[in-house]
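Trainee: Once you've had a glance at the structure underneath, I'll fire off some questions.
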Amino acid sequence: MGIKLQNYIFLLIVLAAAALPTFAGALPQPQDKPILTISGAIAVKNSEAGAVFDRALLESLGMRTLKTSTNWTTGVKTFEGILVRDVLRHVGAKGTSAVATALNDYSAEIPLSDFEKFDVLLALRMDGRDLLPRDRGPIWIVYPRDNNAELQDARYDHRWVWQLTSLTIR
């Protein structure tokens with residue numbers, strides 16, 4: 001094999017590896033108490049229930065920061081979490097909506113297009129502190145409402161599900 005062909009093959013391998021999801025088709029088992037289950041129309045699972053995540057597994061997907069106000073807190077808050085679209089890509093979600101369900105069984109159907117159009121977070125922290133059930137945790141769906149006038153509308157308020165426990169992809 002010539003050097004040019006070897007370089008070409010190496011480049012193809014590197015590019016293919018870069019395009020693979022972090023878990024390359026497999027999702028590790030949570031090592032701690034699960035805080036989120038994604039089920040329904042997904043390709044990648046790590047349990048019979050679907051894709052189950054603990055805090056560390058979610059954080060391993062890449063944390064982002066978002067500063068925004070909310071209708072439930074005072075002033076601008078700093079949220080840290082994972083983009084919903086990134087989590088859905090890792091589990092191979094194929095559908096048009098997600099039913100987000102909270103600890104108290106509150107649920108809201110959210111179009112998956114929201115997650116592509118806006119940088120919506122599965123927030124794990126607010127102002128540097130882990131979210132706990134008493135303060136809307138362990139996961140709160142947070143929209144970047146201060147960055148987009150369209151999100152400052154009551155139609156989006158019911159989609160800010162706190163104490164999130166599951167997403168069912170439809």
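Here, A, B, ... name the chains of the structure tokens in the order displayed, residue numbers run from 1 inside each chain, and ligands are numbered from 1 in the same displayed order.
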Any idea what's packed within 12 Å of Ser69 (chain A), counting only C-alpha atoms, ignoring anything in its chain fewer than 4 positions away? Could you give it as a list in words?

Mentor: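 Answer for this query is Thr73, Thr74, Gly75, Val76, Lys77, Thr78, Phe79, Met126, Asp127, Val142, Tyr143, Pro144, Arg145, Asp146, Asn147, Asn148, Leu151 and Gln152 of chain A.
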
Trainee: Just want the 10 Å neighbourhood of Trp72 (chain A), counted on only C-alpha atoms, with same-chain residues fewer than 5 positions away dropped. Output as a PyMOL selection string.

Mentor: chain A and resi 136+157+160

Trainee: Write the selection just made, keeping N, CA and C atoms, as a JSON list (two decimals), in the first residue's frame?

Mentor:
```json
[["chain", "number", "residue", "atom", "x", "y", "z"],
["A", 136, "ARG", "N", -36.80, 22.17, 42.67],
["A", 136, "ARG", "CA", -37.11, 21.83, 41.27],
["A", 136, "ARG", "C", -36.18, 20.80, 40.65],
["A", 157, "ASP", "N", -44.45, 28.03, 28.91],
["A", 157, "ASP", "CA", -44.29, 27.89, 30.36],
["A", 157, "ASP", "C", -44.56, 26.47, 30.85],
["A", 160, "TRP", "N", -41.59, 23.83, 30.94],
["A", 160, "TRP", "CA", -40.49, 23.92, 31.91],
["A", 160, "TRP", "C", -40.74, 22.90, 33.02]]
```

Trainee: Tell me, as a list in words, which residues lie within 7 Å of Trp162 (chain A), counting only C-alpha atoms; anything in the same chain fewer than 4 positions away does not count.

Mentor: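 Near neighbours after the sequence-gap exclusion: Ala102, Arg136, Gly137, Ile139, Trp140 and Ile141 of chain A.
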
Trainee: Those selected residues, please, written with C-alpha atoms and delivered as a PDB file, in the first residue's frame.

Mentor:
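Below is the file part_11.pdb, written as the result:
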```pdb
ATOM      1  CA  ALA A 102     -42.103  14.828  36.846  1.00  0.00           C
ATOM      2  CA  ARG A 136     -37.114  21.828  41.273  1.00  0.00           C
ATOM      3  CA  GLY A 137     -34.472  19.117  40.904  1.00  0.00           C
ATOM      4  CA  ILE A 139     -33.513  17.884  36.728  1.00  0.00           C
ATOM      5  CA  TRP A 140     -35.344  20.944  35.445  1.00  0.00           C
ATOM      6  CA  ILE A 141     -36.082  21.541  31.760  1.00  0.00           C
TER       7      ILE A 141
END
```

Trainee: Which value, in Å to one decimal, gives the distance between CA of Gly95 (chain A) and CA of Asp114 (chain A)?

Mentor: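 Between these atoms lies a distance of 12.6 Å.
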
Trainee: If you run DSSP over the backbone, which residues in chain A end up helix (DSSP H, G or I)? Put them as a PyMOL selection string.

Mentor: chain A and resi 3-19+55-59+84-90+112-117+133-135+145-147+149-151+154-157

Trainee: Would you please work out which residue, of A:Ala98, A:Leu66, A:Ala108, A:Ala43, is nearest to Gly81 (chain A) when using only C-alpha atoms?

Mentor: A:Leu66
